[in-house]
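Trainee: Pasting a structure below so you can have a look.
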Amino acid sequence: MNRFDGTEKIGDIVSIFPGASNLFKQFQIDFCCGGNRELATVLRQMDLNGETFLAGLNEAYEKANRQAEQDTDWRNVSYADLISHVVNTHHAYLNNELPVLSQFVTKILRVHGRNHPELTSLHRVFHQLKMDLEQHLVSEEEVVFPLILEYEKTGSVAALEKALQKIDELESEHDDAGDLLKEMRKITDRYTLPEGACRTYTLTFQKLEQLESDMFQHVHLENNIMFPRLREELKN
């Protein structure tokens with residue numbers, strides 16, 4: 001599953017993955033003043049093999065992510081740092097990708113829906129997930145996370161109790177999102193592309209798989225690390 005597909009702007013890639021700057025320097029790709037250009041366009045203009053370049057970029061990104069996950073024991077960081085990571089990594093990803101995915105899912109339905117009726121179900125389930133997640137992020141960022149930060153800063157048991165009441169709802173919403181992700185995987189036969197799938201069709205399925213992967217990590221940090229730790233602290 002690839003994080004970058006060539007449709008991103010060069011500057012955005014470096015913002016997401018600072019290590020990409022090394023690869024761009026190696027191929028003399030201007031990511032500073034020329035950062036607003038689409039990567040795929042630049043690769044074509046420079047007569048570079050796009051498939052090979054993207055493979056190298058994604059491999060470097062995945063390697064850096066694996067190293068970062070290994071280097072950080074999220075069980076022992078402050079709530080402020082954990083929340084910052086969740087918001088700036090996983091919430092930011094959803095805020096950026098959900099609108100883009102909405103366009104892609106709608107486009108393949110419009111173009112290919114006649115021959116692939118399952119795309120109607122995919123469109124419906126994805127947009128249910130999109131709506132649910134958008135509301136979920138607001139609840140976390142505007143209600144629950146501020147209560148957790150207040151508890152960490154002041155030791156307020158009242159803030160902790162309020163947060164935990166809401167956390168029960170968040171976990172239920174996580175379960176609902178997981179069910180929708182499973183349904184999309186079933187609808188698409190595990191994101192199996194039909195014969196002769198166009199670039200947009202292929203890219204849509206890649207992005208949906210990436211969404212699933214990011215959600216798994218996102219929910220893991222909350223369900224398995226943040227929330228149990230808060231419950232344990234209330235007991236003590």
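Residues in the structure tokens are named by chain (A, B, ... in the order shown) and by number from 1 within that chain; ligands are numbered from 1 in the order shown.
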Name all residues at most 8 Å from segment 72-80 of chain A (count only C-alpha atoms; drop same-chain ones fewer than 6 positions away) and give them as a list in words.
Mentor: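 Close residues of segment 72-80 of chain A: Ile148, Leu149, Glu152, Leu221, Ile225 and Met226 of chain A.
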Trainee: Export N, CA and C atoms of the chosen residues as an mmCIF file, in the first residue's frame?
Mentor:
```cif
data_model
loop_
_atom_site.group_PDB
_atom_site.id
_atom_site.type_symbol
_atom_site.label_atom_id
_atom_site.label_comp_id
_atom_site.auth_asym_id
_atom_site.auth_seq_id
_atom_site.Cartn_x
_atom_site.Cartn_y
_atom_site.Cartn_z
ATOM 1 N N ILE A 148 -9.131 15.608 28.764
ATOM 2 C CA ILE A 148 -7.949 14.816 29.128
ATOM 3 C C ILE A 148 -6.769 15.733 29.441
ATOM 4 N N LEU A 149 -6.598 16.755 28.636
ATOM 5 C CA LEU A 149 -5.495 17.693 28.867
ATOM 6 C C LEU A 149 -5.696 18.467 30.169
ATOM 7 N N GLU A 152 -4.703 16.119 32.914
ATOM 8 C CA GLU A 152 -3.249 15.962 33.023
ATOM 9 C C GLU A 152 -2.610 17.193 33.649
ATOM 10 N N LEU A 221 -4.024 3.397 18.966
ATOM 11 C CA LEU A 221 -3.441 4.335 19.919
ATOM 12 C C LEU A 221 -4.456 4.783 20.964
ATOM 13 N N ILE A 225 -4.182 2.107 24.127
ATOM 14 C CA ILE A 225 -3.162 2.812 24.906
ATOM 15 C C ILE A 225 -3.769 3.949 25.732
ATOM 16 N N MET A 226 -4.360 4.929 25.063
ATOM 17 C CA MET A 226 -4.841 6.113 25.771
ATOM 18 C C MET A 226 -5.994 5.802 26.727
#
```
Trainee: Which residues come within 7 Å of Leu147 of chain A, counting only C-alpha atoms, excluding same-chain residues fewer than 2 positions away, as an MDAnalysis selection string?
Mentor: chainID A and resid 143:145 149:151 159:160 163
Trainee: For Asn65 of chain A, please output as a VMD selection string all residues within 12 Å (counting only C-alpha atoms; exclusion window: fewer than 2 positions along the same chain).
Mentor: chain A and resid 3 16 to 19 58 to 63 67 to 72 89 214 217
Trainee: Find the residues around segment 114-126 of chain A up to 9 Å (only C-alpha atoms counted), leave out those fewer than 3 positions away in its own chain, and share them as JSON, numbers by chain.
Mentor: {"A": [101, 102, 105, 106, 108, 109, 110, 111, 129, 130, 131, 180, 181, 183, 184, 187, 188, 194]}
Trainee: Put those residues in a file: C-alpha atoms, as a PDB file, in the first residue's frame.
Mentor:
```pdb
ATOM      1  CA  LEU A 101     -11.566  10.075  -1.491  1.00  0.00           C
ATOM      2  CA  SER A 102     -15.152  11.281  -1.746  1.00  0.00           C
ATOM      3  CA  VAL A 105     -15.342   7.153  -5.062  1.00  0.00           C
ATOM      4  CA  THR A 106     -17.988   9.287  -6.757  1.00  0.00           C
ATOM      5  CA  ILE A 108     -15.572   5.701 -10.372  1.00  0.00           C
ATOM      6  CA  LEU A 109     -19.267   5.207  -9.606  1.00  0.00           C
ATOM      7  CA  ARG A 110     -20.213   7.681 -12.310  1.00  0.00           C
ATOM      8  CA  VAL A 111     -17.839   6.233 -14.900  1.00  0.00           C
ATOM      9  CA  LEU A 129     -18.015   6.358   7.141  1.00  0.00           C
ATOM     10  CA  LYS A 130     -16.905   9.828   6.056  1.00  0.00           C
ATOM     11  CA  MET A 131     -19.806  11.515   7.845  1.00  0.00           C
ATOM     12  CA  LEU A 180     -17.926  -0.015   7.793  1.00  0.00           C
ATOM     13  CA  LEU A 181     -14.295  -0.606   6.826  1.00  0.00           C
ATOM     14  CA  GLU A 183     -18.037  -3.850   4.733  1.00  0.00           C
ATOM     15  CA  MET A 184     -16.083  -1.864   2.141  1.00  0.00           C
ATOM     16  CA  ILE A 187     -17.904  -5.113  -1.227  1.00  0.00           C
ATOM     17  CA  THR A 188     -14.637  -4.758  -3.153  1.00  0.00           C
ATOM     18  CA  PRO A 194     -11.427  -5.593 -12.142  1.00  0.00           C
TER      19      PRO A 194
END
```
Trainee: Mind running segment 51-70 of chain A against segment 23-41 of chain A at 10 Å and telling me each contacting residue's nearest atom pair with the distance in Å (one decimal), counting only C-alpha atoms, chain and number ascending, as CSV?
Mentor:
```
residue,atom,partner,partner_atom,distance
A:Glu51,CA,A:Ala40,CA,9.6
A:Phe53,CA,A:Leu23,CA,8.9
A:Leu54,CA,A:Ala40,CA,9.1
A:Gly56,CA,A:Leu23,CA,8.5
A:Leu57,CA,A:Leu23,CA,7.3
A:Ala60,CA,A:Leu23,CA,9.0
```
Trainee: Contacts of Glu169 of chain A at 10 Å or less, counting only C-alpha atoms, minus same-chain residues fewer than 6 places along, as JSON, numbers by chain?
Mentor: {"A": [136, 139, 175]}
Trainee: Between A:Ala158, A:Ile10, A:Val219, A:Leu208, which one has atoms that come closest to Glu171 of chain A, using only C-alpha atoms?
Mentor: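 Of the candidates, the smallest distance to Glu171 of chain A is held by A:Val219.
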Trainee: May I have the residues within 8 Å of Phe227 of chain A as a ChimeraX atom specification, using only C-alpha atoms and disregarding those fewer than 5 positions away in the same chain?
Mentor: /A:164,167,222
Trainee: Please return, as a VMD selection string, all residues of segment 104-133 of chain A that DSSP assigns to helix (DSSP H, G or I) on the basis of the backbone.
Mentor: chain A and resid 104 to 112 118 to 133
Trainee: Please write the residues from the selection above to a file, keeping C-alpha atoms, as a PDB file, in the first residue's frame.
Mentor:
```pdb
ATOM      1  CA  PHE A 104     -12.625   9.517  -6.302  1.00  0.00           C
ATOM      2  CA  VAL A 105     -15.342   7.153  -5.062  1.00  0.00           C
ATOM      3  CA  THR A 106     -17.988   9.287  -6.757  1.00  0.00           C
ATOM      4  CA  LYS A 107     -16.016   9.453  -9.996  1.00  0.00           C
ATOM      5  CA  ILE A 108     -15.572   5.701 -10.372  1.00  0.00           C
ATOM      6  CA  LEU A 109     -19.267   5.207  -9.606  1.00  0.00           C
ATOM      7  CA  ARG A 110     -20.213   7.681 -12.310  1.00  0.00           C
ATOM      8  CA  VAL A 111     -17.839   6.233 -14.900  1.00  0.00           C
ATOM      9  CA  HIS A 112     -17.908   2.524 -14.067  1.00  0.00           C
ATOM     10  CA  GLU A 118     -21.099  -2.917  -6.378  1.00  0.00           C
ATOM     11  CA  LEU A 119     -19.678   0.605  -6.651  1.00  0.00           C
ATOM     12  CA  THR A 120     -23.091   1.936  -5.632  1.00  0.00           C
ATOM     13  CA  SER A 121     -22.788   0.119  -2.309  1.00  0.00           C
ATOM     14  CA  LEU A 122     -19.184   1.253  -1.933  1.00  0.00           C
ATOM     15  CA  HIS A 123     -20.240   4.858  -2.501  1.00  0.00           C
ATOM     16  CA  ARG A 124     -22.978   4.597   0.128  1.00  0.00           C
ATOM     17  CA  VAL A 125     -20.848   2.897   2.779  1.00  0.00           C
ATOM     18  CA  PHE A 126     -17.844   5.163   2.251  1.00  0.00           C
ATOM     19  CA  HIS A 127     -19.907   8.313   2.644  1.00  0.00           C
ATOM     20  CA  GLN A 128     -21.523   6.948   5.793  1.00  0.00           C
ATOM     21  CA  LEU A 129     -18.015   6.358   7.141  1.00  0.00           C
ATOM     22  CA  LYS A 130     -16.905   9.828   6.056  1.00  0.00           C
ATOM     23  CA  MET A 131     -19.806  11.515   7.845  1.00  0.00           C
ATOM     24  CA  ASP A 132     -19.319   9.437  10.988  1.00  0.00           C
ATOM     25  CA  LEU A 133     -15.586  10.129  11.137  1.00  0.00           C
TER      26      LEU A 133
END
```
Trainee: Work out how far atom CA of Asn2 of chain A is from atom CA of Asn224 of chain A, in Å to one decimal.
Mentor: 25.7 Å
Trainee: Report, in Å to a single decimal, how far apart atom CA of Glu233 of chain A and atom CA of Val157 of chain A are.
Mentor: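 It comes out at 9.7 Å.
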Trainee: A:Ser21, A:Gln206, A:Val87, A:Gln45: which is nearest Arg190 of chain A, counting only C-alpha atoms?
Mentor: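 With only C-alpha atoms as the atom set, the closest residue is A:Gln206.
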